[in-house]
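Shown here: work_8.cif, mmCIF, C-alpha atoms and all ligand atoms.
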data_protein
#
loop_
_atom_site.group_PDB
_atom_site.id
_atom_site.type_symbol
_atom_site.label_atom_id
_atom_site.label_comp_id
_atom_site.auth_asym_id
_atom_site.auth_seq_id
_atom_site.Cartn_x
_atom_site.Cartn_y
_atom_site.Cartn_z
ATOM 1 C CA MET A 1 0.747 -1.267 31.744
ATOM 2 C CA LYS A 2 -0.145 1.286 29.103
ATOM 3 C CA LEU A 3 -1.304 0.764 25.535
ATOM 4 C CA ALA A 4 -1.258 3.887 23.355
ATOM 5 C CA VAL A 5 -3.218 4.040 20.124
ATOM 6 C CA THR A 6 -2.247 6.989 17.920
ATOM 7 C CA SER A 7 -5.733 7.603 16.492
ATOM 8 C CA PRO A 8 -9.309 6.668 17.421
ATOM 9 C CA LEU A 9 -10.152 3.018 16.807
ATOM 10 C CA PRO A 10 -13.387 1.874 15.167
ATOM 11 C CA VAL A 11 -16.082 1.752 17.888
ATOM 12 C CA ALA A 12 -16.392 -2.020 17.397
ATOM 13 C CA VAL A 13 -12.703 -2.552 18.105
ATOM 14 C CA GLN A 14 -11.774 -1.728 21.658
ATOM 15 C CA PRO A 15 -9.086 -3.608 23.565
ATOM 16 C CA ARG A 16 -10.630 -6.247 25.856
ATOM 17 C CA ALA A 17 -7.799 -6.215 28.375
ATOM 18 C CA PRO A 18 -8.944 -4.828 31.729
ATOM 19 C CA GLU A 19 -5.387 -4.935 33.074
ATOM 20 C CA LEU A 20 -4.275 -2.281 30.542
ATOM 21 C CA THR A 21 -4.683 1.473 30.598
ATOM 22 C CA VAL A 22 -5.586 2.505 27.064
ATOM 23 C CA VAL A 23 -4.574 5.960 25.869
ATOM 24 C CA GLN A 24 -6.165 7.090 22.608
ATOM 25 C CA PRO A 25 -7.258 10.486 21.303
ATOM 26 C CA ALA A 26 -10.983 11.207 20.995
ATOM 27 C CA SER A 27 -10.188 12.661 17.583
ATOM 28 C CA GLY A 28 -7.062 13.572 15.610
ATOM 29 C CA ARG A 29 -3.694 11.973 16.266
ATOM 30 C CA LEU A 30 -1.341 11.524 19.207
ATOM 31 C CA THR A 31 1.855 13.415 18.435
ATOM 32 C CA ALA A 32 5.337 12.080 19.154
ATOM 33 C CA ALA A 33 5.538 14.529 22.089
ATOM 34 C CA GLU A 34 2.281 13.156 23.523
ATOM 35 C CA LEU A 35 3.530 9.587 23.126
ATOM 36 C CA ILE A 36 6.739 10.449 24.922
ATOM 37 C CA ALA A 37 4.756 12.089 27.733
ATOM 38 C CA CYS A 38 2.591 8.937 27.961
ATOM 39 C CA GLN A 39 5.504 6.388 27.956
ATOM 40 C CA PRO A 40 3.449 3.409 26.698
ATOM 41 C CA ASP A 41 4.425 -0.265 26.986
ATOM 42 C CA ALA A 42 2.648 -0.976 23.686
ATOM 43 C CA LEU A 43 1.962 1.251 20.687
ATOM 44 C CA VAL A 44 -0.697 0.725 18.023
ATOM 45 C CA CYS A 45 0.008 3.054 15.096
ATOM 46 C CA LEU A 46 -0.968 3.794 11.508
ATOM 47 C CA LEU A 47 1.156 3.748 8.363
ATOM 48 C CA SER A 48 1.249 7.539 8.490
ATOM 49 C CA ASP A 49 2.917 7.516 11.952
ATOM 50 C CA ARG A 50 6.697 7.498 11.701
ATOM 51 C CA VAL A 51 8.332 5.265 14.315
ATOM 52 C CA ASP A 52 12.033 5.957 13.896
ATOM 53 C CA ASP A 53 15.064 5.290 16.032
ATOM 54 C CA ALA A 54 14.777 8.657 17.810
ATOM 55 C CA LEU A 55 11.196 7.910 18.896
ATOM 56 C CA LEU A 56 12.141 4.387 19.989
ATOM 57 C CA GLU A 57 15.020 5.851 22.000
ATOM 58 C CA ALA A 58 12.557 8.169 23.748
ATOM 59 C CA LEU A 59 10.177 5.286 24.651
ATOM 60 C CA PRO A 60 12.296 3.007 26.857
ATOM 61 C CA ARG A 61 9.318 1.031 28.249
ATOM 62 C CA LEU A 62 7.993 0.105 24.809
ATOM 63 C CA GLN A 63 7.766 -3.660 24.111
ATOM 64 C CA VAL A 64 5.730 -3.704 20.918
ATOM 65 C CA VAL A 65 4.816 -1.544 17.922
ATOM 66 C CA ALA A 66 1.685 -2.903 16.219
ATOM 67 C CA ASN A 67 1.227 -1.295 12.806
ATOM 68 C CA VAL A 68 -2.334 -1.150 11.450
ATOM 69 C CA ALA A 69 -0.989 -1.875 7.961
ATOM 70 C CA VAL A 70 0.777 -4.642 6.114
ATOM 71 C CA GLY A 71 3.560 -2.321 4.918
ATOM 72 C CA LEU A 72 6.251 -1.498 7.459
ATOM 73 C CA ASP A 73 8.147 1.319 5.763
ATOM 74 C CA ASN A 74 7.009 3.800 8.440
ATOM 75 C CA ILE A 75 8.819 1.826 11.139
ATOM 76 C CA ASP A 76 12.559 1.392 11.628
ATOM 77 C CA VAL A 77 12.252 -2.374 12.155
ATOM 78 C CA ALA A 78 16.030 -2.900 12.486
ATOM 79 C CA ALA A 79 16.223 -0.287 15.252
ATOM 80 C CA ALA A 80 13.230 -1.853 17.007
ATOM 81 C CA THR A 81 14.799 -5.317 16.787
ATOM 82 C CA SER A 82 18.104 -4.139 18.183
ATOM 83 C CA ARG A 83 16.247 -2.572 21.132
ATOM 84 C CA GLY A 84 14.188 -5.730 21.752
ATOM 85 C CA VAL A 85 10.911 -4.149 20.593
ATOM 86 C CA CYS A 86 8.485 -6.453 18.758
ATOM 87 C CA VAL A 87 6.967 -5.193 15.493
ATOM 88 C CA THR A 88 3.736 -6.608 14.056
ATOM 89 C CA ASN A 89 1.669 -5.873 10.937
ATOM 90 C CA THR A 90 -1.728 -6.855 9.492
ATOM 91 C CA PRO A 91 -1.301 -9.260 6.562
ATOM 92 C CA ASP A 92 -4.061 -11.341 4.925
ATOM 93 C CA VAL A 93 -7.086 -9.409 6.194
ATOM 94 C CA LEU A 94 -6.547 -6.644 3.613
ATOM 95 C CA THR A 95 -5.505 -8.812 0.674
ATOM 96 C CA ASP A 96 -8.898 -8.995 -1.048
ATOM 97 C CA ALA A 97 -9.737 -5.333 -0.449
ATOM 98 C CA THR A 98 -6.412 -4.101 -1.833
ATOM 99 C CA ALA A 99 -6.526 -6.394 -4.856
ATOM 100 C CA GLU A 100 -10.105 -5.283 -5.562
ATOM 101 C CA LEU A 101 -9.072 -1.615 -5.397
ATOM 102 C CA THR A 102 -6.271 -2.411 -7.850
ATOM 103 C CA LEU A 103 -8.838 -3.918 -10.186
ATOM 104 C CA ALA A 104 -11.060 -0.860 -9.780
ATOM 105 C CA LEU A 105 -8.146 1.405 -10.781
ATOM 106 C CA LEU A 106 -7.276 -0.878 -13.687
ATOM 107 C CA LEU A 107 -10.802 -0.787 -15.064
ATOM 108 C CA ALA A 108 -11.356 2.905 -14.393
ATOM 109 C CA THR A 109 -8.060 3.900 -16.000
ATOM 110 C CA ALA A 110 -8.349 1.620 -19.035
ATOM 111 C CA ARG A 111 -11.902 2.816 -19.703
ATOM 112 C CA ARG A 112 -11.339 6.485 -18.756
ATOM 113 C CA LEU A 113 -14.100 6.595 -16.175
ATOM 114 C CA THR A 114 -12.804 9.697 -14.380
ATOM 115 C CA GLU A 115 -12.720 11.699 -17.600
ATOM 116 C CA GLY A 116 -16.165 10.380 -18.481
ATOM 117 C CA GLU A 117 -17.603 11.383 -15.127
ATOM 118 C CA GLN A 118 -16.082 14.864 -15.434
ATOM 119 C CA LEU A 119 -17.609 15.226 -18.884
ATOM 120 C CA VAL A 120 -21.076 14.238 -17.679
ATOM 121 C CA ARG A 121 -20.917 16.419 -14.568
ATOM 122 C CA SER A 122 -19.633 19.434 -16.499
ATOM 123 C CA GLY A 123 -22.667 19.438 -18.783
ATOM 124 C CA GLN A 124 -20.307 19.388 -21.798
ATOM 125 C CA TRP A 125 -21.319 15.921 -23.044
ATOM 126 C CA ARG A 126 -22.761 16.295 -26.541
ATOM 127 C CA GLY A 127 -23.966 12.708 -26.959
ATOM 128 C CA TRP A 128 -22.782 9.330 -28.175
ATOM 129 C CA ALA A 129 -19.926 9.545 -30.642
ATOM 130 C CA LEU A 130 -17.829 6.887 -32.340
ATOM 131 C CA ASP A 131 -14.600 8.363 -31.029
ATOM 132 C CA LEU A 132 -15.630 9.537 -27.550
ATOM 133 C CA LEU A 133 -13.185 8.659 -24.757
ATOM 134 C CA LEU A 134 -11.864 5.499 -26.320
ATOM 135 C CA GLY A 135 -10.063 3.248 -23.887
ATOM 136 C CA VAL A 136 -7.868 0.182 -24.193
ATOM 137 C CA PRO A 137 -8.965 -3.454 -24.169
ATOM 138 C CA ILE A 138 -8.423 -5.540 -21.059
ATOM 139 C CA ALA A 139 -9.244 -9.103 -22.134
ATOM 140 C CA GLY A 140 -6.286 -10.548 -24.019
ATOM 141 C CA SER A 141 -3.863 -7.884 -22.797
ATOM 142 C CA THR A 142 -0.837 -8.629 -20.587
ATOM 143 C CA LEU A 143 -0.837 -7.783 -16.902
ATOM 144 C CA GLY A 144 2.652 -7.516 -15.411
ATOM 145 C CA ILE A 145 2.659 -7.893 -11.633
ATOM 146 C CA VAL A 146 5.661 -6.595 -9.740
ATOM 147 C CA GLY A 147 5.780 -8.546 -6.471
ATOM 148 C CA LEU A 148 3.741 -11.761 -6.439
ATOM 149 C CA GLY A 149 2.992 -11.917 -2.721
ATOM 150 C CA ARG A 150 -0.471 -12.192 -1.195
ATOM 151 C CA ILE A 151 -1.901 -9.067 -2.857
ATOM 152 C CA GLY A 152 -0.062 -9.565 -6.150
ATOM 153 C CA GLY A 153 -1.296 -13.174 -6.214
ATOM 154 C CA LYS A 154 -4.899 -12.080 -5.720
ATOM 155 C CA VAL A 155 -4.516 -9.448 -8.453
ATOM 156 C CA ALA A 156 -3.239 -12.236 -10.708
ATOM 157 C CA GLN A 157 -6.415 -14.253 -10.044
ATOM 158 C CA LEU A 158 -8.618 -11.251 -10.814
ATOM 159 C CA GLY A 159 -6.664 -10.445 -13.972
ATOM 160 C CA ARG A 160 -6.985 -14.013 -15.140
ATOM 161 C CA ALA A 161 -10.743 -13.889 -14.580
ATOM 162 C CA LEU A 162 -10.779 -10.912 -16.969
ATOM 163 C CA GLY A 163 -8.966 -12.956 -19.620
ATOM 164 C CA MET A 164 -5.598 -11.238 -19.198
ATOM 165 C CA GLN A 165 -2.229 -12.888 -19.848
ATOM 166 C CA LEU A 166 -0.066 -12.781 -16.729
ATOM 167 C CA CYS A 167 3.610 -12.247 -16.051
ATOM 168 C CA TYR A 168 5.377 -11.265 -12.854
ATOM 169 C CA ALA A 169 8.699 -9.996 -11.564
ATOM 170 C CA ALA A 170 9.967 -10.848 -8.108
ATOM 171 C CA PRO A 171 13.329 -11.367 -6.387
ATOM 172 C CA ARG A 172 12.977 -15.074 -7.290
ATOM 173 C CA PRO A 173 10.378 -17.319 -8.956
ATOM 174 C CA VAL A 174 7.349 -17.883 -6.733
ATOM 175 C CA ALA A 175 5.990 -21.386 -6.038
ATOM 176 C CA GLY A 176 2.388 -21.523 -7.217
ATOM 177 C CA ALA A 177 2.844 -18.885 -9.928
ATOM 178 C CA ALA A 178 2.485 -21.465 -12.697
ATOM 179 C CA ALA A 179 -0.870 -22.537 -11.242
ATOM 180 C CA LEU A 180 -1.990 -18.911 -11.636
ATOM 181 C CA GLY A 181 -0.714 -18.942 -15.223
ATOM 182 C CA ALA A 182 1.858 -16.249 -14.375
ATOM 183 C CA VAL A 183 5.194 -16.324 -16.219
ATOM 184 C CA TYR A 184 8.333 -15.199 -14.354
ATOM 185 C CA LEU A 185 10.250 -12.386 -16.091
ATOM 186 C CA PRO A 186 13.109 -10.092 -15.125
ATOM 187 C CA LEU A 187 11.624 -6.681 -14.237
ATOM 188 C CA ARG A 188 13.019 -4.951 -17.329
ATOM 189 C CA GLU A 189 11.523 -7.586 -19.610
ATOM 190 C CA LEU A 190 8.168 -7.358 -17.832
ATOM 191 C CA LEU A 191 8.177 -3.588 -18.331
ATOM 192 C CA ARG A 192 8.815 -4.089 -22.065
ATOM 193 C CA GLN A 193 6.059 -6.669 -22.513
ATOM 194 C CA ALA A 194 3.188 -5.684 -20.209
ATOM 195 C CA ASP A 195 0.162 -3.628 -21.241
ATOM 196 C CA PHE A 196 -0.616 -3.045 -17.556
ATOM 197 C CA VAL A 197 2.096 -2.907 -14.886
ATOM 198 C CA SER A 198 0.826 -3.221 -11.323
ATOM 199 C CA LEU A 199 3.085 -2.701 -8.290
ATOM 200 C CA HIS A 200 2.701 -4.959 -5.244
ATOM 201 C CA CYS A 201 6.116 -5.010 -3.606
ATOM 202 C CA PRO A 202 7.093 -3.573 -0.230
ATOM 203 C CA LEU A 203 8.953 -0.271 -0.003
ATOM 204 C CA ARG A 204 12.455 -0.854 1.307
ATOM 205 C CA ALA A 205 15.939 0.423 0.486
ATOM 206 C CA GLY A 206 16.231 -1.843 -2.588
ATOM 207 C CA THR A 207 12.822 -0.946 -4.042
ATOM 208 C CA ARG A 208 12.807 2.850 -3.540
ATOM 209 C CA THR A 209 12.325 4.367 -7.024
ATOM 210 C CA LEU A 210 12.266 0.856 -8.489
ATOM 211 C CA LEU A 211 10.531 2.466 -11.449
ATOM 212 C CA ASP A 212 12.971 5.270 -12.140
ATOM 213 C CA ARG A 213 13.200 7.233 -15.394
ATOM 214 C CA ASP A 214 15.084 4.452 -17.215
ATOM 215 C CA ALA A 215 12.699 1.738 -16.058
ATOM 216 C CA LEU A 216 9.602 3.764 -16.979
ATOM 217 C CA ALA A 217 11.095 4.411 -20.408
ATOM 218 C CA LEU A 218 11.021 0.667 -21.092
ATOM 219 C CA MET A 219 7.221 0.579 -20.883
ATOM 220 C CA LYS A 220 5.119 0.548 -24.044
ATOM 221 C CA PRO A 221 3.684 3.969 -24.983
ATOM 222 C CA SER A 222 0.271 2.260 -24.887
ATOM 223 C CA ALA A 223 0.783 0.883 -21.364
ATOM 224 C CA ILE A 224 -0.881 1.724 -18.041
ATOM 225 C CA LEU A 225 0.926 1.876 -14.698
ATOM 226 C CA LEU A 226 -1.026 0.982 -11.535
ATOM 227 C CA ASN A 227 0.315 1.660 -8.053
ATOM 228 C CA THR A 228 -1.542 0.553 -4.930
ATOM 229 C CA ALA A 229 1.664 -0.216 -2.994
ATOM 230 C CA ARG A 230 3.774 2.841 -2.072
ATOM 231 C CA GLY A 231 4.350 6.113 -3.927
ATOM 232 C CA GLU A 232 8.101 6.026 -3.378
ATOM 233 C CA LEU A 233 8.402 2.957 -5.621
ATOM 234 C CA VAL A 234 8.037 5.299 -8.598
ATOM 235 C CA ASP A 235 9.918 8.443 -9.676
ATOM 236 C CA GLU A 236 6.845 10.695 -9.759
ATOM 237 C CA ASP A 237 8.466 13.434 -11.821
ATOM 238 C CA ALA A 238 9.628 10.964 -14.436
ATOM 239 C CA LEU A 239 6.141 9.419 -14.494
ATOM 240 C CA CYS A 240 4.561 12.834 -15.077
ATOM 241 C CA GLU A 241 7.007 13.565 -17.874
ATOM 242 C CA MET A 242 6.132 10.252 -19.566
ATOM 243 C CA LEU A 243 2.399 10.986 -19.323
ATOM 244 C CA GLU A 244 2.755 14.614 -20.414
ATOM 245 C CA THR A 245 4.759 13.654 -23.497
ATOM 246 C CA GLY A 246 2.569 10.675 -24.420
ATOM 247 C CA ARG A 247 5.379 8.169 -23.827
ATOM 248 C CA LEU A 248 3.056 6.340 -21.426
ATOM 249 C CA TRP A 249 -0.669 6.096 -22.015
ATOM 250 C CA ALA A 250 -2.119 6.335 -18.505
ATOM 251 C CA ALA A 251 -1.701 5.639 -14.793
ATOM 252 C CA GLY A 252 -3.893 4.718 -11.837
ATOM 253 C CA LEU A 253 -2.445 5.799 -8.501
ATOM 254 C CA ASP A 254 -3.682 5.093 -4.989
ATOM 255 C CA VAL A 255 -0.407 6.081 -3.298
ATOM 256 C CA PHE A 256 1.950 9.068 -3.512
ATOM 257 C CA CYS A 257 5.450 10.064 -2.416
ATOM 258 C CA ASN A 258 4.443 12.732 0.036
ATOM 259 C CA GLU A 259 0.956 11.785 1.265
ATOM 260 C CA PRO A 260 -1.383 13.508 1.766
ATOM 261 C CA GLN A 261 0.269 16.099 -0.522
ATOM 262 C CA VAL A 262 -0.068 15.284 -4.205
ATOM 263 C CA SER A 263 2.199 17.229 -6.523
ATOM 264 C CA PRO A 264 0.423 19.774 -8.764
ATOM 265 C CA ARG A 265 2.168 18.127 -11.695
ATOM 266 C CA ILE A 266 0.403 14.828 -10.968
ATOM 267 C CA LEU A 267 -2.916 16.635 -10.558
ATOM 268 C CA ALA A 268 -2.443 18.225 -13.982
ATOM 269 C CA CYS A 269 -1.424 15.021 -15.768
ATOM 270 C CA PRO A 270 -3.608 13.684 -18.535
ATOM 271 C CA ARG A 271 -5.271 10.263 -18.160
ATOM 272 C CA ILE A 272 -4.472 9.618 -14.550
ATOM 273 C CA THR A 273 -6.939 8.062 -12.118
ATOM 274 C CA LEU A 274 -6.321 9.117 -8.527
ATOM 275 C CA ALA A 275 -7.441 7.663 -5.203
ATOM 276 C CA PRO A 276 -6.498 8.721 -1.649
ATOM 277 C CA HIS A 277 -4.714 5.539 -0.444
ATOM 278 C CA LEU A 278 -7.921 3.485 -0.303
ATOM 279 C CA GLY A 279 -6.413 0.023 -0.894
ATOM 280 C CA SER A 280 -7.672 -1.577 2.314
ATOM 281 C CA ALA A 281 -10.589 0.808 2.791
ATOM 282 C CA THR A 282 -13.543 -1.489 3.377
ATOM 283 C CA THR A 283 -15.251 -1.598 6.772
ATOM 284 C CA LYS A 284 -14.489 -5.299 7.029
ATOM 285 C CA ALA A 285 -10.778 -5.015 6.231
ATOM 286 C CA ARG A 286 -10.177 -1.945 8.396
ATOM 287 C CA THR A 287 -12.027 -3.501 11.349
ATOM 288 C CA GLN A 288 -10.024 -6.720 11.049
ATOM 289 C CA MET A 289 -6.773 -4.750 10.704
ATOM 290 C CA ALA A 290 -7.481 -2.795 13.887
ATOM 291 C CA GLU A 291 -8.463 -6.004 15.726
ATOM 292 C CA LEU A 292 -5.324 -7.777 14.583
ATOM 293 C CA ALA A 293 -3.093 -4.923 15.729
ATOM 294 C CA ILE A 294 -4.777 -4.632 19.133
ATOM 295 C CA ASP A 295 -4.634 -8.418 19.630
ATOM 296 C CA ALA A 296 -0.935 -8.405 18.759
ATOM 297 C CA ALA A 297 -0.151 -5.609 21.215
ATOM 298 C CA VAL A 298 -2.148 -7.263 24.016
ATOM 299 C CA SER A 299 -0.533 -10.674 23.301
ATOM 300 C CA VAL A 300 2.961 -9.255 23.637
ATOM 301 C CA LEU A 301 2.167 -7.549 26.939
ATOM 302 C CA ARG A 302 0.679 -10.855 28.179
ATOM 303 C CA GLY A 303 3.888 -12.694 27.281
ATOM 304 C CA GLN A 304 2.388 -14.548 24.309
ATOM 305 C CA PRO A 305 4.055 -14.366 20.873
ATOM 306 C CA PRO A 306 1.732 -12.501 18.485
ATOM 307 C CA LYS A 307 0.604 -14.202 15.269
ATOM 308 C CA THR A 308 1.872 -11.376 13.090
ATOM 309 C CA LEU A 309 5.339 -10.788 14.571
ATOM 310 C CA VAL A 310 7.698 -9.643 11.807
ATOM 311 C CA ASN A 311 10.959 -9.486 13.794
ATOM 312 C CA GLN A 312 11.342 -12.918 15.422
ATOM 313 C CA ALA A 313 14.726 -11.820 16.811
ATOM 314 C CA ALA A 314 12.946 -9.394 19.147
ATOM 315 C CA TRP A 315 11.074 -12.215 20.912
ATOM 316 C CA PRO A 316 10.848 -12.219 23.881
ATOM 317 C CA PRO A 317 10.783 -8.414 24.045
ATOM 318 C CA ARG A 318 12.816 -6.350 26.448
ATOM 319 C CA GLY A 319 11.230 -6.304 29.889
ATOM 320 C CA GLN A 320 10.406 -10.028 29.503
ATOM 321 C CA ARG A 321 13.944 -11.390 29.060
HETATM 322 C C1 LIG B 401 -1.585 -0.105 3.256
HETATM 323 O O1 LIG B 401 -1.048 0.567 2.461
HETATM 324 C C2 LIG B 401 -0.937 -1.071 4.080
HETATM 325 O O2 LIG B 401 0.301 -1.198 4.037
HETATM 326 O O3 LIG B 401 -1.634 -1.740 4.841
#
Starting from the file, lay out its structure as structure tokens.
Ligand code: GLV
Amino acid sequence: MKLAVTSPLPVAVQPRAPELTVVQPASGRLTAAELIACQPDALVCLLSDRVDDALLEALPRLQVVANVAVGLDNIDVAAATSRGVCVTNTPDVLTDATAELTLALLLATARRLTEGEQLVRSGQWRGWALDLLLGVPIAGSTLGIVGLGRIGGKVAQLGRALGMQLCYAAPRPVAGAAALGAVYLPLRELLRQADFVSLHCPLRAGTRTLLDRDALALMKPSAILLNTARGELVDEDALCEMLETGRLWAAGLDVFCNEPQVSPRILACPRITLAPHLGSATTKARTQMAELAIDAAVSVLRGQPPKTLVNQAAWPPRGQR
């Protein structure tokens, strides 16, 4: 049986399954055409690999798609389920790293660290001044968390440690939120009240452009938007317009609509902290993510249900029914 991995794995993470032939590029990425030529039984892919119905159709031997990511918006899970293909993801192991990156963006944006660094590096800094690069306070301000799942919950803990007031929006109230001190609010009310709005919900049909022009317009002009989830949750043009016209104070973005392209308008926006989708980017988290995905793919091919199966209806997969 064949296991294809679309990009090179960390050296420490190689499949320990002598019965499998592993196909992975030495560098770069396996293209869809190369995958089709390879006809794998299992596929380990990244969030930037699109696994749509057409690709699934062209891979009739495939039993499992193991995404090295917690988000699944790059995979047509419904199409996989209807074809009897298992889909797995990598929850938990990236929770701390992603929440910590959110905190880094929050702090950097509130305290204008990027602008400060540019000023120092440019040689234009003329010394300490009472009004130089004034930021906004964090302690005592309100952090609004959109999506109180694992990552949102960890962000809540970190925000609380900074002395922030917490509120959250979610499809329904979350058990355990009260213990975090987080108050449940409808999204529109959260947008009106929060000083910081941080997105932690999955991208799916119902959340695409969740923050559209009207929703963004509800935010306080002094507020900061943080996005470490998916770019498509936000109308980027509307966000730029709000920042350009001073109707929103600042934003910290780790994700974009058309990665790795970032629109020139975003690049030109004032008070915006940018990161290249680094949420889970620690050696520990990325190693554990790769291990989890490989383990899931190997489990399925060995006839054992993987721990991180997201489409229970696809178990057992085709070829094992
Ligand atoms: C990262 O964005 C992930 O979904 O794991």
Could you list, with a cut-off of 10 Å and counting all atoms listed in the file, the residues of range 53-110 of chain A near range 241-261 of chain A, each shown with its nearest atom pair and the distance in Å rounded to one decimal, rows sorted by chain and ascending number, as JSON lines?
{"residue": "A:Leu101", "atom": "CA", "partner": "A:Asp254", "partner_atom": "CA", "distance": 8.6}
{"residue": "A:Thr102", "atom": "CA", "partner": "A:Asp254", "partner_atom": "CA", "distance": 8.4}
{"residue": "A:Ala104", "atom": "CA", "partner": "A:Gly252", "partner_atom": "CA", "distance": 9.3}
{"residue": "A:Leu105", "atom": "CA", "partner": "A:Gly252", "partner_atom": "CA", "distance": 5.5}
{"residue": "A:Leu106", "atom": "CA", "partner": "A:Gly252", "partner_atom": "CA", "distance": 6.8}
{"residue": "A:Leu107", "atom": "CA", "partner": "A:Gly252", "partner_atom": "CA", "distance": 9.4}
{"residue": "A:Ala108", "atom": "CA", "partner": "A:Gly252", "partner_atom": "CA", "distance": 8.1}
{"residue": "A:Thr109", "atom": "CA", "partner": "A:Gly252", "partner_atom": "CA", "distance": 5.9}
{"residue": "A:Ala110", "atom": "CA", "partner": "A:Ala250", "partner_atom": "CA", "distance": 7.8}
Name the residues captured by the PyMOL selection byres (((not hetatm)) within 9 of (chain B and resi 401)) when it is applied to the shown file; answer as a compact mmCIF listing (two decimals) with C-alpha atoms, in the frame of the given file.
# COMPACT_ATOMS: atom_id res chain seq x y z
CA LEU A 46 -0.97 3.79 11.51
CA LEU A 47 1.16 3.75 8.36
CA ASN A 67 1.23 -1.30 12.81
CA VAL A 68 -2.33 -1.15 11.45
CA ALA A 69 -0.99 -1.88 7.96
CA VAL A 70 0.78 -4.64 6.11
CA GLY A 71 3.56 -2.32 4.92
CA LEU A 72 6.25 -1.50 7.46
CA ASP A 73 8.15 1.32 5.76
CA ASN A 89 1.67 -5.87 10.94
CA THR A 90 -1.73 -6.86 9.49
CA PRO A 91 -1.30 -9.26 6.56
CA LEU A 94 -6.55 -6.64 3.61
CA THR A 98 -6.41 -4.10 -1.83
CA PRO A 202 7.09 -3.57 -0.23
CA THR A 228 -1.54 0.55 -4.93
CA ALA A 229 1.66 -0.22 -2.99
CA ARG A 230 3.77 2.84 -2.07
CA VAL A 255 -0.41 6.08 -3.30
CA HIS A 277 -4.71 5.54 -0.44
CA LEU A 278 -7.92 3.48 -0.30
CA GLY A 279 -6.41 0.02 -0.89
CA SER A 280 -7.67 -1.58 2.31
CA MET A 289 -6.77 -4.75 10.70
Identify all residues satisfying the PyMOL selection byres (((chain A and resi 41) around 12) and not hetatm) in the given file; provide them as a ChimeraX atom specification.
/A:1-5,20-23,35-36,38-40,42-44,56,59-66,85-86,297-298,300-302,317-320
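Residues matched by the PyMOL selection byres (((chain A and resi 75) around 9) and not hetatm) in this structure: A:Leu47, A:Asp49, A:Arg50, A:Val51, A:Asp52, A:Asp53, A:Val65, A:Asn67, A:Leu72, A:Asp73, A:Asn74, A:Asp76, A:Val77, A:Ala78, A:Ala79, A:Ala80, A:Val87.
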With C-alpha atoms retained, export the selected residues as a compact mmCIF listing (two decimals), in the coordinates of the input.
# COMPACT_ATOMS: atom_id res chain seq x y z
CA LEU A 47 1.16 3.75 8.36
CA ASP A 49 2.92 7.52 11.95
CA ARG A 50 6.70 7.50 11.70
CA VAL A 51 8.33 5.26 14.32
CA ASP A 52 12.03 5.96 13.90
CA ASP A 53 15.06 5.29 16.03
CA VAL A 65 4.82 -1.54 17.92
CA ASN A 67 1.23 -1.30 12.81
CA LEU A 72 6.25 -1.50 7.46
CA ASP A 73 8.15 1.32 5.76
CA ASN A 74 7.01 3.80 8.44
CA ASP A 76 12.56 1.39 11.63
CA VAL A 77 12.25 -2.37 12.16
CA ALA A 78 16.03 -2.90 12.49
CA ALA A 79 16.22 -0.29 15.25
CA ALA A 80 13.23 -1.85 17.01
CA VAL A 87 6.97 -5.19 15.49
Residue neighbourhood range 205-209 of chain A, 7 Å, all atoms listed in the file, exclusion window fewer than 2 positions, as a PyMOL selection string
chain A and resi 203+211-212+232-235
Atom pair CA of Lys220 in chain A / CA of Ile266 in chain A: separation (Å)
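According to the coordinates, CA of Lys220 in chain A and CA of Ile266 in chain A are separated by 19.9 Å.
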In Å, rounded to a single decimal, give me how far CA of Leu191 in chain A is from CA of Val146 in chain A.
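These atoms are spaced 9.4 Å apart.
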If we count all atoms listed in the file, what is near range 168-184 of chain A at a cut-off of 7 Å, once residues fewer than 2 positions away on the same chain are taken out, given as an NGL selection string?
:A and (144-148 or 156-157 or 166 or 186-187 or 190)
Would you mind exporting C-alpha atoms of the selected residues as a PDB file, keeping the file's coordinate frame?
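Saved the output as result14.pdb:
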ATOM      1  CA  GLY A 144       2.652  -7.516 -15.411  1.00  0.00           C
ATOM      2  CA  ILE A 145       2.659  -7.893 -11.633  1.00  0.00           C
ATOM      3  CA  VAL A 146       5.661  -6.595  -9.740  1.00  0.00           C
ATOM      4  CA  GLY A 147       5.780  -8.546  -6.471  1.00  0.00           C
ATOM      5  CA  LEU A 148       3.741 -11.761  -6.439  1.00  0.00           C
ATOM      6  CA  ALA A 156      -3.239 -12.236 -10.708  1.00  0.00           C
ATOM      7  CA  GLN A 157      -6.415 -14.253 -10.044  1.00  0.00           C
ATOM      8  CA  LEU A 166      -0.066 -12.781 -16.729  1.00  0.00           C
ATOM      9  CA  PRO A 186      13.109 -10.092 -15.125  1.00  0.00           C
ATOM     10  CA  LEU A 187      11.624  -6.681 -14.237  1.00  0.00           C
ATOM     11  CA  LEU A 190       8.168  -7.358 -17.832  1.00  0.00           C
TER      12      LEU A 190
END
Residue nearest Pro264 in chain A among A:Ala54, A:Asp237, A:Pro8, A:Lys154 (counting only C-alpha atoms)
A:Asp237
Find, counting only C-alpha atoms, the residue in A:Ala161, A:Cys269, A:Ala217, A:Val310 that gets nearest to Arg188 in chain A.
A:Ala217
Rounded to one decimal place, report the CA of Asn227 in chain A-CA of Ser198 in chain A distance in Å.
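About the pair CA of Asn227 in chain A and CA of Ser198 in chain A: they are 5.9 Å apart.
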Please report, as lines of an AutoDock Vina configuration file, the centre and edge lengths in Å to one decimal of an axis-aligned box covering all listed atoms of range 111-117 of chain A with 8 Å per side.
center_x = -14.5
center_y = 7.3
center_z = -17.0
size_x = 22.3
size_y = 24.9
size_z = 21.3
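Restricting the calculation to all atoms listed in the file, the smallest distance between Arg271 in chain A and any of A:Leu199, A:Val120, A:Val93, A:Ile224 is found for A:Ile224.
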